[in-house]
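Undergrad: Here's a structure for you.
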Amino acid sequence: MGDVQFRFRDDEPVSDPGVTVDVFGAQTNAAAVRLEPGDDARDLLPHLDRLKLIEVNFPMFTDGRGFSSARVLREAGYIGELRAVGELPVDHLALLRRCGFDAFAPEPPVNPADAENAFARWDDVYQPTTDGRVPIWAKRHG
Amino acid sequence: MYKYDNYDQAMVDTRVEEFRDQVKRRLEGHLSEDHFKPLRLQNGLYLQLHAYMLRVAVPYGTLSSVQMRALGDIADRYDRGYGHFTTRQNIQYNWIKLEETPDLLAELAAVEMHAIQTSGNCIRNISSDQYAGAAADEIVDPRPYAELLRQWSSFHPEFLVLPRKFKIAVIASETDRAAMKLHDIGIRMVRNSAGEIGAAFYVGGGMGRTPMIAPLVREFVPLDQLVTYAEACLRVYNRYGRRDNKYKARIKILVHELGKDEYTRQVEEEFALLLTQGIEPPLAELERIKTHFTDPPFEVGAPEAVDRSDPDFALWLDSNVEAHKQPGYAIATISLKPVGGIPGDASADQIRLMADLGLQYSFDELRVTHAQNIVLPHVRKADLFALWQQLEANGLGTPNLDAIDDIIACPGLDYCSLANARSIPVAQKLSERLAPRRAEIGELKLKISGCINACGHHHAGHIGILGVDRKGTENYQLLLGGCEGDDTSLGTITGPGFSEDGIVDAVEKATEVYLSNKQGEERFLDTYRRVGMAPFKEAIYG
């Protein structure tokens, strides 16, 4: 797995690798877990308090289930680190961030200048998510 | 019609710059074709057999004359002088160069247009009733709701890597002119028993290799929950739609495999959670959008009388002109199906002429239909003759709306890299053979697809033709009895397929069976439904 290339949090990163959802279910002290595309993020909801890191794996960039996993977790109130890992094209980074990811470990790593452009590109957004950005419709009727 | 504000304009401009950057990275070799492909597709750019094809979005099929004129100029500047209007109410250009695409998109943005999400595994351009705002039978103009959903679905961060493409249609009439139940989500605006407007959601329809008619999932979604309900429908699909097999990845398969009731239960559960998230725009936003869709300043007391003394004009009047909600006005359809022509094609000059006519005769508004024609929605009856004369003089006056030579055809193997067989030459031969008998045959919707993906809507044709590849030669299957309207039905294959000439003969025989069995005012479809397949089979294969 790749290293964390971008992180938008001030707290100390959790270094423990995330365990699988199955192991996590049996192991009551784990603070990090890894979701695969087929895992149901809602299975983690009873345990959000003790989780410090949730990794969401993107084995193939064409599989977008992790976008929904992230939003489900954030909408349920998860405030720990939400890390996207795996095949993360630079052109997906800003979307993933909007869905709630605040750390990114792309494999292979992406060009940092391209990533900086991608994160900064959109001044406005049409949809609200839990990232706190004010959608265009709210600005229109502010 | 809808005008961009500074926000809408900035979003489209930003998208052009984003794509310019992506094209640059591709041309410099920093982006592989595998990684570039989904990006170009979500900007409407396909790599076809001979060149790139660009599909430009025409949201809910509505265009101003300035936009239409720009489409004509783009056909000259970036294509070979033609544009091709499609079954998604869009326009495609077939001879595009990758390196010129960012400039082309910038020209579109200058007239409040784009090619965003016209392809790829995302929510596509939203289609609607081509007679919206003009039809006598609508309860409300459906386009403000389509525009609300356009903004919601554009750049939606969660739904740009869906299992497969996702098509939404919004209508608000009794008569379904948009094949609404053959969409991933079909929305019909309805009035409930309390007199309030809301949306009925039909989910899981589609054509392709497994055609399905969408079941009703919810009878009434209130206007202040529209976006939230759509988001719930999409989230269940993104999480559970199949990704193991491209051909089973559309939402229709999920709804079918789960069953309508279980899919609905999951959507309702997600909907209840999403209602707490505050993702719904306020009703004030819908009201703001609605102010862009008010009636044009119709002339009160516009004359009703139309001089029918020119017989050719009278033919066109009876075929291509429909009732308008406003006295003294009519809806006129410009056929892009000249006898022997390529369905949906228009030259740059014709596109600019239609732009001028839209400005002169139709309050600056034009519509693209899913049947690949152009509508002038608000024409004074007193102007119809002058309009027709100009159309007739420019090859646009064919009186064949919904007739047998008003054929829908996909680009087929002449252009498309997915096709198994040519569609255009078959459409041309059928048009030449059967146009002389169009008056006798009456309404008959003939639809041709060059492969199983069904872009030519063959499942929904009264007569449908599907081109397949049989051991290296083109072969055409014949289907009868499909219908896209309120009584939506899917066509049935008659039997073994035909050669290119054989399919033309077979269609002609089917029309003869109809004419000899027809009772009273029956259309082809009515006769077929009454007598069934047997007599047709006998005539065609006997």
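By convention in this document, the chains of the structure tokens carry letters A, B, ... by their order, each chain's residues are numbered from 1, and ligands are numbered from 1 in the order they are shown.
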Quick one: which chain B residues come within 9 Å of chain A, and what is the nearest atom pair for each with the distance in Å to one decimal, counting only C-alpha atoms, rows ordered by chain and ascending number, as CSV?
TA:
residue,atom,partner,partner_atom,distance
B:Tyr7,CA,A:Ile136,CA,6.9
B:Asp8,CA,A:Ile136,CA,8.7
B:Ala10,CA,A:Asp124,CA,8.3
B:Met11,CA,A:Asp124,CA,7.3
B:Thr14,CA,A:Trp122,CA,7.0
B:Arg15,CA,A:Trp122,CA,8.8
B:Glu18,CA,A:Arg121,CA,7.8
B:Gln22,CA,A:Asp91,CA,8.6
B:His35,CA,A:Pro89,CA,7.6
B:Pro38,CA,A:Thr62,CA,8.7
B:Leu39,CA,A:Asp91,CA,8.2
B:Gln151,CA,A:Tyr126,CA,6.3
B:Trp152,CA,A:Tyr126,CA,6.1
B:Ser153,CA,A:Tyr126,CA,8.5
B:Ser154,CA,A:Tyr126,CA,7.5
B:Phe155,CA,A:Tyr126,CA,7.7
B:His156,CA,A:Gln127,CA,6.7
B:Pro157,CA,A:Leu95,CA,4.7
B:Glu158,CA,A:Phe67,CA,5.3
B:Phe159,CA,A:Gly64,CA,7.8
B:Leu160,CA,A:Gly64,CA,7.7
B:Val161,CA,A:Gly64,CA,4.7
B:Leu162,CA,A:Gly64,CA,6.0
B:Pro163,CA,A:Asp63,CA,7.3
B:Arg235,CA,A:Ser68,CA,6.8
B:Asn238,CA,A:Arg65,CA,6.0
B:Arg239,CA,A:Arg65,CA,5.3
B:Tyr240,CA,A:Arg65,CA,8.2
B:Arg243,CA,A:Asp63,CA,7.5
B:Leu273,CA,A:Glu75,CA,8.7
B:Leu274,CA,A:Glu75,CA,8.4
B:Gln277,CA,A:Glu75,CA,7.2
B:Gly278,CA,A:Pro128,CA,7.9
B:Ile279,CA,A:Pro128,CA,5.7
B:Glu280,CA,A:Pro128,CA,8.6
B:Pro281,CA,A:Trp137,CA,6.2
B:Pro282,CA,A:Trp137,CA,7.9
B:Ala284,CA,A:His141,CA,7.5
B:Glu285,CA,A:Trp137,CA,6.5
Undergrad: Got time to write the residues from that selection, C-alpha atoms, as a short mmCIF file (atom, residue, chain, number, x, y, z; two decimals), in the first residue's frame?
TA:
data_model
loop_
_atom_site.label_atom_id
_atom_site.label_comp_id
_atom_site.auth_asym_id
_atom_site.auth_seq_id
_atom_site.Cartn_x
_atom_site.Cartn_y
_atom_site.Cartn_z
CA TYR B 7 -22.42 30.70 -10.65
CA ASP B 8 -23.65 28.49 -13.48
CA ALA B 10 -18.32 29.82 -13.59
CA MET B 11 -19.03 26.10 -13.17
CA THR B 14 -14.11 25.89 -14.77
CA ARG B 15 -15.01 22.61 -16.40
CA GLU B 18 -10.23 21.38 -16.16
CA GLN B 22 -6.61 16.95 -18.81
CA HIS B 35 -7.22 6.89 -17.22
CA PRO B 38 -13.54 8.22 -18.35
CA LEU B 39 -12.53 11.88 -18.23
CA GLN B 151 -27.73 21.29 -11.29
CA TRP B 152 -27.95 18.58 -8.64
CA SER B 153 -26.54 15.93 -10.97
CA SER B 154 -23.77 18.07 -12.47
CA PHE B 155 -20.38 17.25 -10.88
CA HIS B 156 -22.15 15.32 -8.11
CA PRO B 157 -19.15 14.14 -6.07
CA GLU B 158 -20.67 10.78 -5.09
CA PHE B 159 -22.14 9.77 -8.43
CA LEU B 160 -19.45 10.18 -11.08
CA VAL B 161 -18.12 6.62 -10.83
CA LEU B 162 -21.42 4.73 -11.02
CA PRO B 163 -21.62 1.11 -12.14
CA ARG B 235 -27.04 5.95 -3.51
CA ASN B 238 -24.08 3.14 -6.40
CA ARG B 239 -23.65 0.88 -3.39
CA TYR B 240 -25.38 -2.23 -4.67
CA ARG B 243 -20.05 -4.12 -11.10
CA LEU B 273 -31.55 9.19 6.66
CA LEU B 274 -30.84 11.73 3.92
CA GLN B 277 -28.81 15.92 6.07
CA GLY B 278 -30.19 19.17 4.68
CA ILE B 279 -29.24 18.44 1.08
CA GLU B 280 -32.49 19.75 -0.44
CA PRO B 281 -32.46 23.18 -2.07
CA PRO B 282 -35.18 25.44 -0.63
CA ALA B 284 -37.25 29.41 -3.27
CA GLU B 285 -34.64 27.92 -5.59
#
Undergrad: What parts of region 14-133 of chain A does DSSP call strand (DSSP E or B)? I'd like the answer as an MDAnalysis selection string.
TA: chainID A and resid 19:20 32:35 53:58 81:86 103:106
Undergrad: May I have the residues within 9 Å of region 212-227 of chain B as a VMD selection string, using only C-alpha atoms and disregarding those fewer than 3 positions away in the same chain?
TA: chain B and resid 145 148 to 149 152 180 to 186 189 to 192 196 to 208 230 to 232 252 to 253 255 to 256 260 to 261 263 to 264 275 279 to 283 286 488 to 490
Undergrad: For Leu45 (chain A), list every protein, DNA or RNA residue within 9 Å, evaluated using only C-alpha atoms, and leave out those in the same chain fewer than 2 positions away; present the list as a compact mmCIF listing (two decimals) with C-alpha atoms, in the first residue's frame.
TA:
# COMPACT_ATOMS: atom_id res chain seq x y z
CA ALA A 41 -19.89 0.94 5.86
CA ARG A 42 -22.98 0.86 8.07
CA ASP A 43 -21.60 -2.23 9.84
CA HIS A 47 -18.18 1.41 16.72
CA LEU A 48 -17.49 4.91 15.38
CA ASP A 49 -16.56 6.26 18.84
CA LEU A 73 -19.69 7.37 7.55
CA ALA A 76 -23.41 9.18 10.66
CA GLY A 77 -21.08 11.49 12.56
CA TYR A 78 -17.67 9.87 12.14
Undergrad: What's around region 82-85 of chain A at 10 Å? Count only C-alpha atoms, leave out sequence neighbours fewer than 3 positions away in its own chain, and write the answer as a ChimeraX atom specification.
TA: /A:1-4,6-7,34-35,52-59,66-67,70,73-74,78-79,88,93,96-97,100-107
Undergrad: When you draw a straight line from CA of Asp11 (chain A) to CA of Leu44 (chain A), how long is it in Å?
TA: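 That distance, rounded to one decimal, is 21.8 Å.
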Undergrad: If we count only C-alpha atoms, what is near region 41-46 of chain B at a cut-off of 6 Å, once residues fewer than 5 positions away on the same chain are taken out, given as a CSV table (one decimal) with C-alpha atoms, in the first residue's frame?
TA:
chain,number,residue,atom,x,y,z
B,52,TYR,CA,-13.4,11.5,-32.1
B,53,MET,CA,-17.2,12.2,-31.7
B,54,LEU,CA,-18.4,14.9,-29.4
B,55,ARG,CA,-21.9,14.8,-27.9
B,115,ALA,CA,-20.9,18.6,-23.1
B,116,ILE,CA,-20.7,17.7,-19.4
B,117,GLN,CA,-21.8,14.1,-18.5
B,118,THR,CA,-23.2,13.3,-22.0
B,119,SER,CA,-21.3,10.0,-21.7
B,120,GLY,CA,-19.6,7.9,-19.1
Undergrad: Show which residues sit within 9 Å of Gln428 (chain B), as an mmCIF file with C-alpha atoms, in the first residue's frame. Count only C-alpha atoms, and ignore same-chain residues fewer than 2 positions away.
TA:
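What follows is the written file selection12.cif:
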data_model
loop_
_atom_site.group_PDB
_atom_site.id
_atom_site.type_symbol
_atom_site.label_atom_id
_atom_site.label_comp_id
_atom_site.auth_asym_id
_atom_site.auth_seq_id
_atom_site.Cartn_x
_atom_site.Cartn_y
_atom_site.Cartn_z
ATOM 1 C CA VAL B 339 -36.735 10.901 -48.062
ATOM 2 C CA GLY B 340 -33.527 8.875 -48.397
ATOM 3 C CA GLY B 341 -31.648 11.114 -45.947
ATOM 4 C CA ILE B 342 -29.680 10.347 -42.808
ATOM 5 C CA PRO B 343 -32.067 10.526 -39.822
ATOM 6 C CA ASP B 405 -40.236 7.347 -42.933
ATOM 7 C CA SER B 423 -28.148 1.492 -39.573
ATOM 8 C CA ILE B 424 -28.071 4.509 -41.854
ATOM 9 C CA PRO B 425 -28.182 2.725 -45.245
ATOM 10 C CA VAL B 426 -31.055 0.548 -44.015
ATOM 11 C CA LEU B 430 -36.640 1.936 -46.094
ATOM 12 C CA SER B 431 -37.367 5.624 -46.414
ATOM 13 C CA GLU B 432 -37.082 5.509 -50.207
ATOM 14 C CA ARG B 433 -39.197 2.379 -50.472
#
